[in-house]
$ cat input.pdb   # PDB, C-alpha atoms, pLDDT in the B column
ATOM      1  CA  MET A   2      64.811  65.191   4.231  1.00 36.00           C
ATOM      2  CA  SER A   3      62.079  67.694   3.416  1.00 41.00           C
ATOM      3  CA  THR A   4      63.342  69.972   6.199  1.00 44.00           C
ATOM      4  CA  SER A   5      66.852  70.147   4.792  1.00 45.00           C
ATOM      5  CA  ALA A   6      65.459  70.839   1.332  1.00 46.00           C
ATOM      6  CA  SER A   7      63.353  73.725   2.653  1.00 45.00           C
ATOM      7  CA  VAL A   8      66.383  75.517   4.089  1.00 50.00           C
ATOM      8  CA  ARG A   9      68.865  74.643   1.336  1.00 56.00           C
ATOM      9  CA  PRO A  10      70.530  77.790  -0.068  1.00 59.00           C
ATOM     10  CA  TYR A  11      69.662  78.684  -3.638  1.00 55.00           C
ATOM     11  CA  GLY A  12      72.045  81.060  -5.337  1.00 54.00           C
ATOM     12  CA  GLY A  13      73.605  81.781  -1.948  1.00 59.00           C
ATOM     13  CA  VAL A  14      70.265  82.784  -0.385  1.00 68.00           C
ATOM     14  CA  ASN A  15      68.493  80.441   2.028  1.00 80.00           C
ATOM     15  CA  ALA A  16      64.749  79.752   2.124  1.00 80.00           C
ATOM     16  CA  ASP A  17      64.001  82.164   4.970  1.00 83.00           C
ATOM     17  CA  GLN A  18      65.774  84.994   3.169  1.00 89.00           C
ATOM     18  CA  ARG A  19      63.913  84.273  -0.045  1.00 88.00           C
ATOM     19  CA  ALA A  20      60.593  84.250   1.824  1.00 90.00           C
ATOM     20  CA  SER A  21      61.478  87.564   3.473  1.00 91.00           C
ATOM     21  CA  GLU A  22      62.392  89.110   0.127  1.00 94.00           C
ATOM     22  CA  ARG A  23      59.121  87.916  -1.419  1.00 94.00           C
ATOM     23  CA  ARG A  24      57.207  89.368   1.507  1.00 95.00           C
ATOM     24  CA  GLU A  25      58.908  92.744   1.052  1.00 96.00           C
ATOM     25  CA  ARG A  26      58.102  92.736  -2.658  1.00 97.00           C
ATOM     26  CA  LEU A  27      54.464  91.978  -1.882  1.00 97.00           C
ATOM     27  CA  LEU A  28      54.279  94.766   0.685  1.00 97.00           C
ATOM     28  CA  ASP A  29      55.770  97.285  -1.719  1.00 97.00           C
ATOM     29  CA  ALA A  30      53.473  96.104  -4.500  1.00 97.00           C
ATOM     30  CA  GLY A  31      50.560  96.441  -2.081  1.00 97.00           C
ATOM     31  CA  LEU A  32      51.539 100.045  -1.435  1.00 97.00           C
ATOM     32  CA  ASP A  33      51.780 100.632  -5.196  1.00 96.00           C
ATOM     33  CA  LEU A  34      48.205  99.448  -5.693  1.00 96.00           C
ATOM     34  CA  LEU A  35      46.655 100.893  -2.527  1.00 96.00           C
ATOM     35  CA  GLY A  36      48.404 104.212  -3.050  1.00 95.00           C
ATOM     36  CA  SER A  37      47.738 104.443  -6.765  1.00 93.00           C
ATOM     37  CA  ALA A  38      46.570 107.768  -8.161  1.00 89.00           C
ATOM     38  CA  ASP A  39      44.207 105.770 -10.402  1.00 90.00           C
ATOM     39  CA  ASP A  40      40.967 105.263  -8.463  1.00 85.00           C
ATOM     40  CA  SER A  41      40.061 102.283 -10.633  1.00 88.00           C
ATOM     41  CA  VAL A  42      43.028 100.261  -9.321  1.00 90.00           C
ATOM     42  CA  THR A  43      42.060  97.723  -6.667  1.00 91.00           C
ATOM     43  CA  LEU A  44      44.055  95.342  -4.505  1.00 94.00           C
ATOM     44  CA  THR A  45      43.617  91.679  -5.408  1.00 95.00           C
ATOM     45  CA  VAL A  46      45.824  88.683  -4.778  1.00 96.00           C
ATOM     46  CA  ARG A  47      46.310  88.179  -8.513  1.00 96.00           C
ATOM     47  CA  GLY A  48      47.092  91.851  -9.084  1.00 96.00           C
ATOM     48  CA  VAL A  49      49.570  92.228  -6.255  1.00 97.00           C
ATOM     49  CA  CYS A  50      51.345  88.994  -7.234  1.00 97.00           C
ATOM     50  CA  ALA A  51      51.698  90.244 -10.802  1.00 96.00           C
ATOM     51  CA  GLN A  52      53.005  93.587  -9.537  1.00 96.00           C
ATOM     52  CA  ALA A  53      55.494  91.902  -7.203  1.00 96.00           C
ATOM     53  CA  GLY A  54      56.539  89.175  -9.636  1.00 95.00           C
ATOM     54  CA  VAL A  55      55.521  86.490  -7.135  1.00 94.00           C
ATOM     55  CA  VAL A  56      53.331  83.449  -7.817  1.00 94.00           C
ATOM     56  CA  ALA A  57      50.124  83.177  -5.795  1.00 93.00           C
ATOM     57  CA  ARG A  58      51.240  80.206  -3.698  1.00 92.00           C
ATOM     58  CA  TYR A  59      53.998  82.356  -2.212  1.00 94.00           C
ATOM     59  CA  PHE A  60      51.507  85.095  -1.358  1.00 95.00           C
ATOM     60  CA  TYR A  61      49.767  82.764   1.077  1.00 95.00           C
ATOM     61  CA  GLU A  62      52.954  81.921   2.944  1.00 92.00           C
ATOM     62  CA  SER A  63      52.857  85.487   4.298  1.00 92.00           C
ATOM     63  CA  PHE A  64      49.237  86.694   4.152  1.00 96.00           C
ATOM     64  CA  ALA A  65      45.848  85.067   4.664  1.00 96.00           C
ATOM     65  CA  ASP A  66      44.206  87.223   1.999  1.00 96.00           C
ATOM     66  CA  SER A  67      44.360  90.637   0.321  1.00 96.00           C
ATOM     67  CA  ASP A  68      42.765  92.353   3.356  1.00 96.00           C
ATOM     68  CA  ALA A  69      45.544  91.050   5.613  1.00 97.00           C
ATOM     69  CA  LEU A  70      48.112  92.501   3.211  1.00 97.00           C
ATOM     70  CA  ALA A  71      46.269  95.840   3.077  1.00 97.00           C
ATOM     71  CA  VAL A  72      46.204  96.122   6.860  1.00 97.00           C
ATOM     72  CA  GLU A  73      49.901  95.334   7.157  1.00 97.00           C
ATOM     73  CA  VAL A  74      50.804  97.863   4.452  1.00 97.00           C
ATOM     74  CA  TYR A  75      48.742 100.512   6.220  1.00 97.00           C
ATOM     75  CA  GLU A  76      50.197  99.763   9.654  1.00 96.00           C
ATOM     76  CA  ARG A  77      53.737  99.853   8.264  1.00 97.00           C
ATOM     77  CA  VAL A  78      53.170 103.266   6.658  1.00 97.00           C
ATOM     78  CA  ILE A  79      51.720 104.684   9.883  1.00 96.00           C
ATOM     79  CA  THR A  80      54.500 103.199  12.046  1.00 96.00           C
ATOM     80  CA  ASN A  81      57.212 104.673   9.819  1.00 97.00           C
ATOM     81  CA  LEU A  82      55.471 108.062   9.845  1.00 96.00           C
ATOM     82  CA  VAL A  83      55.199 108.088  13.645  1.00 96.00           C
ATOM     83  CA  ASP A  84      58.791 106.910  14.136  1.00 96.00           C
ATOM     84  CA  GLU A  85      60.175 109.588  11.813  1.00 96.00           C
ATOM     85  CA  THR A  86      58.099 112.340  13.420  1.00 95.00           C
ATOM     86  CA  LEU A  87      59.034 111.375  16.978  1.00 94.00           C
ATOM     87  CA  ALA A  88      62.706 111.138  15.975  1.00 96.00           C
ATOM     88  CA  ALA A  89      62.521 114.683  14.615  1.00 96.00           C
ATOM     89  CA  LEU A  90      60.807 115.942  17.766  1.00 94.00           C
ATOM     90  CA  ALA A  91      63.477 114.318  19.935  1.00 93.00           C
ATOM     91  CA  THR A  92      66.034 116.812  18.579  1.00 93.00           C
ATOM     92  CA  SER A  93      63.677 119.776  18.211  1.00 91.00           C
ATOM     93  CA  PRO A  94      64.421 123.164  19.833  1.00 89.00           C
ATOM     94  CA  GLU A  95      62.385 123.734  22.990  1.00 88.00           C
ATOM     95  CA  GLU A  96      60.524 126.736  21.610  1.00 93.00           C
ATOM     96  CA  GLU A  97      56.821 126.503  20.920  1.00 91.00           C
ATOM     97  CA  GLN A  98      56.616 127.451  17.247  1.00 92.00           C
ATOM     98  CA  GLU A  99      59.849 125.677  16.337  1.00 94.00           C
ATOM     99  CA  ARG A 100      58.660 122.496  18.010  1.00 94.00           C
ATOM    100  CA  ILE A 101      55.350 122.677  16.159  1.00 95.00           C
ATOM    101  CA  ARG A 102      57.209 123.349  12.907  1.00 96.00           C
ATOM    102  CA  THR A 103      59.535 120.395  13.466  1.00 96.00           C
ATOM    103  CA  GLY A 104      56.671 117.948  13.936  1.00 95.00           C
ATOM    104  CA  LEU A 105      54.540 119.198  11.074  1.00 97.00           C
ATOM    105  CA  SER A 106      57.505 119.506   8.707  1.00 97.00           C
ATOM    106  CA  ALA A 107      58.479 115.905   9.412  1.00 97.00           C
ATOM    107  CA  ILE A 108      54.961 114.660   8.624  1.00 97.00           C
ATOM    108  CA  VAL A 109      54.567 116.695   5.440  1.00 97.00           C
ATOM    109  CA  ALA A 110      58.058 115.790   4.192  1.00 97.00           C
ATOM    110  CA  HIS A 111      57.515 112.089   4.877  1.00 97.00           C
ATOM    111  CA  LEU A 112      54.269 112.044   2.903  1.00 95.00           C
ATOM    112  CA  ALA A 113      55.592 114.252   0.112  1.00 95.00           C
ATOM    113  CA  ALA A 114      58.602 111.951  -0.345  1.00 96.00           C
ATOM    114  CA  ASP A 115      56.278 109.147  -1.419  1.00 96.00           C
ATOM    115  CA  PRO A 116      52.785 110.275  -2.515  1.00 93.00           C
ATOM    116  CA  ARG A 117      51.546 106.674  -2.234  1.00 95.00           C
ATOM    117  CA  ARG A 118      51.642 107.057   1.544  1.00 96.00           C
ATOM    118  CA  GLY A 119      49.325 110.033   1.663  1.00 93.00           C
ATOM    119  CA  ARG A 120      46.886 108.550  -0.842  1.00 93.00           C
ATOM    120  CA  LEU A 121      46.735 105.361   1.232  1.00 95.00           C
ATOM    121  CA  ILE A 122      46.201 107.168   4.539  1.00 93.00           C
ATOM    122  CA  PHE A 123      43.788 109.871   3.443  1.00 89.00           C
ATOM    123  CA  THR A 124      41.982 108.462   0.405  1.00 89.00           C
ATOM    124  CA  THR A 125      42.126 104.688   0.010  1.00 91.00           C
ATOM    125  CA  ALA A 126      41.467 103.994   3.680  1.00 89.00           C
ATOM    126  CA  LEU A 127      38.126 105.812   3.451  1.00 87.00           C
ATOM    127  CA  SER A 128      36.718 103.353   0.918  1.00 88.00           C
ATOM    128  CA  HIS A 129      38.588 100.149   1.718  1.00 91.00           C
ATOM    129  CA  PRO A 130      36.502  98.105   4.205  1.00 89.00           C
ATOM    130  CA  ALA A 131      39.506  96.488   5.883  1.00 90.00           C
ATOM    131  CA  LEU A 132      41.181  99.864   6.419  1.00 94.00           C
ATOM    132  CA  ALA A 133      38.242 101.999   7.575  1.00 90.00           C
ATOM    133  CA  ALA A 134      38.575 100.890  11.203  1.00 90.00           C
ATOM    134  CA  LYS A 135      42.355 101.268  10.997  1.00 92.00           C
ATOM    135  CA  ARG A 136      41.949 104.861   9.862  1.00 91.00           C
ATOM    136  CA  LEU A 137      39.791 105.632  12.903  1.00 91.00           C
ATOM    137  CA  GLU A 138      42.466 104.057  15.111  1.00 92.00           C
ATOM    138  CA  MET A 139      45.075 106.194  13.357  1.00 93.00           C
ATOM    139  CA  VAL A 140      43.171 109.426  14.048  1.00 92.00           C
ATOM    140  CA  ARG A 141      42.746 108.519  17.723  1.00 94.00           C
ATOM    141  CA  MET A 142      46.402 107.544  17.970  1.00 94.00           C
ATOM    142  CA  PHE A 143      47.678 110.794  16.442  1.00 95.00           C
ATOM    143  CA  ALA A 144      45.313 112.820  18.628  1.00 95.00           C
ATOM    144  CA  GLY A 145      46.668 110.976  21.655  1.00 95.00           C
ATOM    145  CA  LEU A 146      50.272 111.613  20.610  1.00 93.00           C
ATOM    146  CA  LEU A 147      49.537 115.308  20.049  1.00 94.00           C
ATOM    147  CA  ALA A 148      47.813 115.597  23.428  1.00 94.00           C
ATOM    148  CA  ALA A 149      50.735 113.839  25.130  1.00 93.00           C
ATOM    149  CA  GLN A 150      53.229 116.180  23.470  1.00 91.00           C
ATOM    150  CA  ALA A 151      51.155 119.187  24.596  1.00 90.00           C
ATOM    151  CA  GLN A 152      50.908 117.887  28.163  1.00 90.00           C
ATOM    152  CA  SER A 153      54.665 117.431  28.323  1.00 89.00           C
ATOM    153  CA  PHE A 154      55.489 120.798  26.734  1.00 88.00           C
ATOM    154  CA  TYR A 155      52.960 122.939  28.599  1.00 86.00           C
ATOM    155  CA  LYS A 156      53.142 120.958  31.863  1.00 88.00           C
ATOM    156  CA  THR A 157      49.393 120.512  31.894  1.00 85.00           C
ATOM    157  CA  ASP A 158      47.070 117.729  32.941  1.00 87.00           C
ATOM    158  CA  PRO A 159      44.870 115.770  30.535  1.00 88.00           C
ATOM    159  CA  THR A 160      41.503 117.461  30.082  1.00 90.00           C
ATOM    160  CA  ALA A 161      38.473 117.147  27.823  1.00 92.00           C
ATOM    161  CA  ARG A 162      39.474 120.480  26.245  1.00 91.00           C
ATOM    162  CA  LEU A 163      42.941 119.200  25.397  1.00 92.00           C
ATOM    163  CA  ASP A 164      41.468 116.046  23.891  1.00 93.00           C
ATOM    164  CA  ALA A 165      38.983 118.073  21.830  1.00 94.00           C
ATOM    165  CA  VAL A 166      41.677 120.446  20.552  1.00 94.00           C
ATOM    166  CA  ALA A 167      43.958 117.528  19.635  1.00 95.00           C
ATOM    167  CA  ARG A 168      41.199 115.767  17.691  1.00 95.00           C
ATOM    168  CA  PHE A 169      40.209 119.006  15.964  1.00 95.00           C
ATOM    169  CA  LEU A 170      43.783 119.684  14.871  1.00 95.00           C
ATOM    170  CA  VAL A 171      44.486 116.148  13.699  1.00 95.00           C
ATOM    171  CA  GLY A 172      41.250 116.029  11.704  1.00 94.00           C
ATOM    172  CA  GLY A 173      41.794 119.456  10.163  1.00 95.00           C
ATOM    173  CA  PHE A 174      45.435 118.733   9.385  1.00 96.00           C
ATOM    174  CA  GLY A 175      44.451 115.495   7.649  1.00 94.00           C
ATOM    175  CA  GLU A 176      41.856 117.256   5.504  1.00 94.00           C
ATOM    176  CA  THR A 177      44.341 119.980   4.614  1.00 96.00           C
ATOM    177  CA  LEU A 178      46.982 117.428   3.612  1.00 95.00           C
ATOM    178  CA  THR A 179      44.415 115.591   1.508  1.00 93.00           C
ATOM    179  CA  ALA A 180      43.424 118.774  -0.338  1.00 94.00           C
ATOM    180  CA  TRP A 181      47.086 119.664  -0.911  1.00 95.00           C
ATOM    181  CA  GLN A 182      47.980 116.229  -2.214  1.00 91.00           C
ATOM    182  CA  HIS A 183      44.991 116.233  -4.579  1.00 90.00           C
ATOM    183  CA  GLY A 184      46.053 119.615  -5.943  1.00 91.00           C
ATOM    184  CA  ASP A 185      43.014 121.410  -4.509  1.00 94.00           C
ATOM    185  CA  LEU A 186      45.207 123.610  -2.319  1.00 94.00           C
ATOM    186  CA  ASP A 187      47.582 125.669  -4.450  1.00 95.00           C
ATOM    187  CA  VAL A 188      50.486 126.235  -2.055  1.00 97.00           C
ATOM    188  CA  THR A 189      54.073 125.017  -1.926  1.00 97.00           C
ATOM    189  CA  GLN A 190      55.230 122.491   0.652  1.00 97.00           C
ATOM    190  CA  GLU A 191      56.890 125.278   2.654  1.00 97.00           C
ATOM    191  CA  GLU A 192      53.769 127.445   2.484  1.00 97.00           C
ATOM    192  CA  LEU A 193      51.654 124.514   3.624  1.00 98.00           C
ATOM    193  CA  VAL A 194      53.853 123.991   6.670  1.00 98.00           C
ATOM    194  CA  ASP A 195      53.831 127.723   7.479  1.00 97.00           C
ATOM    195  CA  LEU A 196      50.030 127.818   7.318  1.00 97.00           C
ATOM    196  CA  CYS A 197      49.600 124.753   9.506  1.00 97.00           C
ATOM    197  CA  VAL A 198      52.172 125.965  12.042  1.00 96.00           C
ATOM    198  CA  ALA A 199      50.193 129.209  12.429  1.00 95.00           C
ATOM    199  CA  LEU A 200      46.936 127.287  12.909  1.00 94.00           C
ATOM    200  CA  PHE A 201      48.430 124.885  15.445  1.00 94.00           C
ATOM    201  CA  ALA A 202      50.129 127.722  17.352  1.00 92.00           C
ATOM    202  CA  SER A 203      46.910 129.742  17.561  1.00 92.00           C
ATOM    203  CA  SER A 204      45.075 126.689  18.912  1.00 90.00           C
ATOM    204  CA  ALA A 205      47.742 126.214  21.562  1.00 83.00           C
ATOM    205  CA  ALA A 206      46.388 129.236  23.436  1.00 79.00           C
ATOM    206  CA  SER A 207      43.265 127.278  24.365  1.00 78.00           C
ATOM    207  CA  VAL A 208      45.460 124.594  25.902  1.00 76.00           C
ATOM    208  CA  ARG A 209      47.686 126.987  27.845  1.00 68.00           C
ATOM    209  CA  ASP A 210      44.825 129.038  29.292  1.00 62.00           C
TER     210      ASP A 210
END
$ encode --input "input.pdb" --output "structure tokens"
Amino acid sequence: MSTSASVRPYGGVNADQRASERRERLLDAGLDLLGSADDSVTLTVRGVCAQAGVVARYFYESFADSDALAVEVYERVITNLVDETLAALATSPEEEQERIRTGLSAIVAHLAADPRRGRLIFTTALSHPALAAKRLEMVRMFAGLLAAQAQSFYKTDPTARLDAVARFLVGGFGETLTAWQHGDLDVTQEELVDLCVALFASSAASVRD
């Protein structure tokens, strides 16, 4: 009897669909709070439930606590960023600077389209205990993806130099994006991409040689 009640449609939407919709609202509310431009905003169960319009008991059907929500929000943002960048690279011209431009343009455009994403990745994750380790994983992952792309493009083997260059570029690119998003770097989106393309292309010489 209780089983049938739990799956009974309400307003044409069954229980699983309602739970999924609540989960999506909580994730988006989590991104609102974690990616807020107001540094005083913190992520709490009460706060995210109020933002999402969901009562607390429904929060716990999807997440163990606020840290679990924060980690899932972060991982979702990173996954979407990687997927969009790799999709762009899959149709990129096979010319060095154009390929670099395609990848960097995709990243910058994705973050610029929703400033919450960049604030979460580059600012919030530095101070949020549950996300600090995730940010380190993210840097290693992007460095690995960059190194793999370079190996494939330049037909080179993995080396300590390639790994060092990839980490240097990913770290520098992240700092540059952070400065731009905070308004400390007074350039347009197009100028930012042009600058970073030139820096990445000049570093490519150390990989080719």
$ resolve_selection --input "input.pdb" --expression "the PyMOL selection byres ((chain A and resi 174-191) around 10)" --output "number ranges by chain"
A: 38, 105-106, 108-110, 112-113, 116, 119-120, 122-124, 140, 168-173, 192-197, 200-201
$ closest_residue --input "input.pdb" --among "A:Thr103, A:Asn81, A:Asn15, A:Thr92" --to "Arg118 (chain A)" --atoms "all atoms listed in the file"
A:Asn81
$ closest_residue --input "input.pdb" --among "A:Gln98, A:Lys135, A:Ser204, A:Pro130" --to "Leu163 (chain A)" --atoms "only C-alpha atoms"
A:Ser204
$ resolve_selection --input "input.pdb" --expression "the PyMOL selection byres ((chain A and resi 47-58) around 9)" --output "PyMOL selection string"
chain A and resi 23+25-31+33-34+43-46+59-62+67
$ closest_residue --input "input.pdb" --among "A:Ala69, A:Glu97, A:Ala205, A:Glu76" --to "Ala148 (chain A)" --atoms "all atoms listed in the file"
A:Ala205
$ atom_distance --input "input.pdb" --atom1 "CA of Asp68 (chain A)" --atom2 "CA of Asp39 (chain A)"
19.3 Å
$ axis_aligned_box --input "input.pdb" --around "region 48-67 of chain A" --padding-each-side "6 Å" --output "JSON"
{"center_x": 50.4, "center_y": 86.9, "center_z": -3.1, "size_x": 24.3, "size_y": 25.4, "size_z": 27.5}
$ atom_distance --input "input.pdb" --atom1 "CA of Glu85 (chain A)" --atom2 "CA of Ser207 (chain A)"
27.5 Å
$ resolve_selection --input "input.pdb" --expression "the PyMOL selection byres ((chain A and resi 100) around 12)" --output "JSON, numbers by chain"
{"A": [86, 87, 89, 90, 91, 92, 93, 94, 95, 96, 97, 98, 99, 101, 102, 103, 104, 105, 106, 107, 147, 150, 151, 154, 198, 201, 202]}
$ residues_near_point --input "input.pdb" --point "(40.4, 107.5, 7.6)" --cutoff "7 Å" --atoms "all atoms listed in the file" --output "list in words"
Ile122, Phe123, Ala126, Leu127, Ala133, Arg136 and Leu137 of chain A
$ atom_distance --input "input.pdb" --atom1 "CA of Asp164 (chain A)" --atom2 "CA of Met142 (chain A)"
11.5 Å
$ build_atoms --input "input.pdb" --residues "region 56-80 of chain A" --atoms "N, CA, C and O atoms" --output "PDB file, in the frame of the given file"
ATOM      1  N   VAL A  56      54.475  84.320  -7.515  1.00 94.00           N
ATOM      2  CA  VAL A  56      53.331  83.449  -7.817  1.00 94.00           C
ATOM      3  C   VAL A  56      52.416  83.380  -6.594  1.00 94.00           C
ATOM      4  O   VAL A  56      52.850  83.559  -5.459  1.00 94.00           O
ATOM      5  N   ALA A  57      51.146  83.096  -6.852  1.00 93.00           N
ATOM      6  CA  ALA A  57      50.124  83.177  -5.795  1.00 93.00           C
ATOM      7  C   ALA A  57      50.427  82.280  -4.595  1.00 93.00           C
ATOM      8  O   ALA A  57      50.140  82.643  -3.455  1.00 93.00           O
ATOM      9  N   ARG A  58      51.004  81.115  -4.837  1.00 92.00           N
ATOM     10  CA  ARG A  58      51.240  80.206  -3.698  1.00 92.00           C
ATOM     11  C   ARG A  58      52.198  80.816  -2.689  1.00 92.00           C
ATOM     12  O   ARG A  58      52.122  80.515  -1.499  1.00 92.00           O
ATOM     13  N   TYR A  59      53.093  81.698  -3.149  1.00 94.00           N
ATOM     14  CA  TYR A  59      53.998  82.356  -2.212  1.00 94.00           C
ATOM     15  C   TYR A  59      53.307  83.499  -1.470  1.00 94.00           C
ATOM     16  O   TYR A  59      53.739  83.882  -0.376  1.00 94.00           O
ATOM     17  N   PHE A  60      52.266  84.056  -2.065  1.00 95.00           N
ATOM     18  CA  PHE A  60      51.507  85.095  -1.358  1.00 95.00           C
ATOM     19  C   PHE A  60      50.978  84.540  -0.042  1.00 95.00           C
ATOM     20  O   PHE A  60      51.067  85.191   1.006  1.00 95.00           O
ATOM     21  N   TYR A  61      50.441  83.328  -0.090  1.00 95.00           N
ATOM     22  CA  TYR A  61      49.767  82.764   1.077  1.00 95.00           C
ATOM     23  C   TYR A  61      50.728  82.245   2.145  1.00 95.00           C
ATOM     24  O   TYR A  61      50.288  81.847   3.223  1.00 95.00           O
ATOM     25  N   GLU A  62      52.016  82.265   1.880  1.00 92.00           N
ATOM     26  CA  GLU A  62      52.954  81.921   2.944  1.00 92.00           C
ATOM     27  C   GLU A  62      53.147  83.100   3.896  1.00 92.00           C
ATOM     28  O   GLU A  62      53.653  82.930   5.001  1.00 92.00           O
ATOM     29  N   SER A  63      52.707  84.296   3.466  1.00 92.00           N
ATOM     30  CA  SER A  63      52.857  85.487   4.298  1.00 92.00           C
ATOM     31  C   SER A  63      51.534  86.118   4.715  1.00 92.00           C
ATOM     32  O   SER A  63      51.454  86.723   5.788  1.00 92.00           O
ATOM     33  N   PHE A  64      50.492  85.993   3.882  1.00 96.00           N
ATOM     34  CA  PHE A  64      49.237  86.694   4.152  1.00 96.00           C
ATOM     35  C   PHE A  64      48.045  85.770   3.924  1.00 96.00           C
ATOM     36  O   PHE A  64      48.043  84.981   2.983  1.00 96.00           O
ATOM     37  N   ALA A  65      47.038  85.912   4.785  1.00 96.00           N
ATOM     38  CA  ALA A  65      45.848  85.067   4.664  1.00 96.00           C
ATOM     39  C   ALA A  65      45.026  85.444   3.438  1.00 96.00           C
ATOM     40  O   ALA A  65      44.454  84.582   2.773  1.00 96.00           O
ATOM     41  N   ASP A  66      44.975  86.742   3.142  1.00 96.00           N
ATOM     42  CA  ASP A  66      44.206  87.223   1.999  1.00 96.00           C
ATOM     43  C   ASP A  66      44.626  88.660   1.694  1.00 96.00           C
ATOM     44  O   ASP A  66      45.530  89.204   2.351  1.00 96.00           O
ATOM     45  N   SER A  67      43.958  89.288   0.721  1.00 96.00           N
ATOM     46  CA  SER A  67      44.360  90.637   0.321  1.00 96.00           C
ATOM     47  C   SER A  67      44.081  91.661   1.425  1.00 96.00           C
ATOM     48  O   SER A  67      44.805  92.649   1.552  1.00 96.00           O
ATOM     49  N   ASP A  68      43.049  91.431   2.248  1.00 96.00           N
ATOM     50  CA  ASP A  68      42.765  92.353   3.356  1.00 96.00           C
ATOM     51  C   ASP A  68      43.900  92.341   4.381  1.00 96.00           C
ATOM     52  O   ASP A  68      44.265  93.389   4.921  1.00 96.00           O
ATOM     53  N   ALA A  69      44.432  91.154   4.663  1.00 97.00           N
ATOM     54  CA  ALA A  69      45.544  91.050   5.613  1.00 97.00           C
ATOM     55  C   ALA A  69      46.754  91.822   5.099  1.00 97.00           C
ATOM     56  O   ALA A  69      47.462  92.496   5.867  1.00 97.00           O
ATOM     57  N   LEU A  70      47.013  91.736   3.798  1.00 97.00           N
ATOM     58  CA  LEU A  70      48.112  92.501   3.211  1.00 97.00           C
ATOM     59  C   LEU A  70      47.844  93.994   3.324  1.00 97.00           C
ATOM     60  O   LEU A  70      48.732  94.770   3.697  1.00 97.00           O
ATOM     61  N   ALA A  71      46.616  94.420   3.015  1.00 97.00           N
ATOM     62  CA  ALA A  71      46.269  95.840   3.077  1.00 97.00           C
ATOM     63  C   ALA A  71      46.480  96.399   4.471  1.00 97.00           C
ATOM     64  O   ALA A  71      47.040  97.490   4.642  1.00 97.00           O
ATOM     65  N   VAL A  72      46.051  95.661   5.480  1.00 97.00           N
ATOM     66  CA  VAL A  72      46.204  96.122   6.860  1.00 97.00           C
ATOM     67  C   VAL A  72      47.675  96.240   7.224  1.00 97.00           C
ATOM     68  O   VAL A  72      48.096  97.217   7.859  1.00 97.00           O
ATOM     69  N   GLU A  73      48.478  95.261   6.819  1.00 97.00           N
ATOM     70  CA  GLU A  73      49.901  95.334   7.157  1.00 97.00           C
ATOM     71  C   GLU A  73      50.597  96.486   6.444  1.00 97.00           C
ATOM     72  O   GLU A  73      51.453  97.169   7.019  1.00 97.00           O
ATOM     73  N   VAL A  74      50.234  96.727   5.182  1.00 97.00           N
ATOM     74  CA  VAL A  74      50.804  97.863   4.452  1.00 97.00           C
ATOM     75  C   VAL A  74      50.453  99.160   5.172  1.00 97.00           C
ATOM     76  O   VAL A  74      51.309 100.026   5.387  1.00 97.00           O
ATOM     77  N   TYR A  75      49.202  99.302   5.541  1.00 97.00           N
ATOM     78  CA  TYR A  75      48.742 100.512   6.220  1.00 97.00           C
ATOM     79  C   TYR A  75      49.470 100.710   7.548  1.00 97.00           C
ATOM     80  O   TYR A  75      49.963 101.803   7.845  1.00 97.00           O
ATOM     81  N   GLU A  76      49.544  99.656   8.346  1.00 96.00           N
ATOM     82  CA  GLU A  76      50.197  99.763   9.654  1.00 96.00           C
ATOM     83  C   GLU A  76      51.681 100.102   9.506  1.00 96.00           C
ATOM     84  O   GLU A  76      52.231 100.855  10.313  1.00 96.00           O
ATOM     85  N   ARG A  77      52.316  99.558   8.483  1.00 97.00           N
ATOM     86  CA  ARG A  77      53.737  99.853   8.264  1.00 97.00           C
ATOM     87  C   ARG A  77      53.931 101.324   7.903  1.00 97.00           C
ATOM     88  O   ARG A  77      54.847 101.976   8.417  1.00 97.00           O
ATOM     89  N   VAL A  78      53.077 101.856   7.041  1.00 97.00           N
ATOM     90  CA  VAL A  78      53.170 103.266   6.658  1.00 97.00           C
ATOM     91  C   VAL A  78      52.975 104.166   7.877  1.00 97.00           C
ATOM     92  O   VAL A  78      53.734 105.125   8.083  1.00 97.00           O
ATOM     93  N   ILE A  79      51.988 103.871   8.693  1.00 96.00           N
ATOM     94  CA  ILE A  79      51.720 104.684   9.883  1.00 96.00           C
ATOM     95  C   ILE A  79      52.877 104.589  10.873  1.00 96.00           C
ATOM     96  O   ILE A  79      53.323 105.607  11.437  1.00 96.00           O
ATOM     97  N   THR A  80      53.383 103.385  11.101  1.00 96.00           N
ATOM     98  CA  THR A  80      54.500 103.199  12.046  1.00 96.00           C
ATOM     99  C   THR A  80      55.725 103.991  11.608  1.00 96.00           C
ATOM    100  O   THR A  80      56.374 104.664  12.420  1.00 96.00           O
TER     101      THR A  80
END
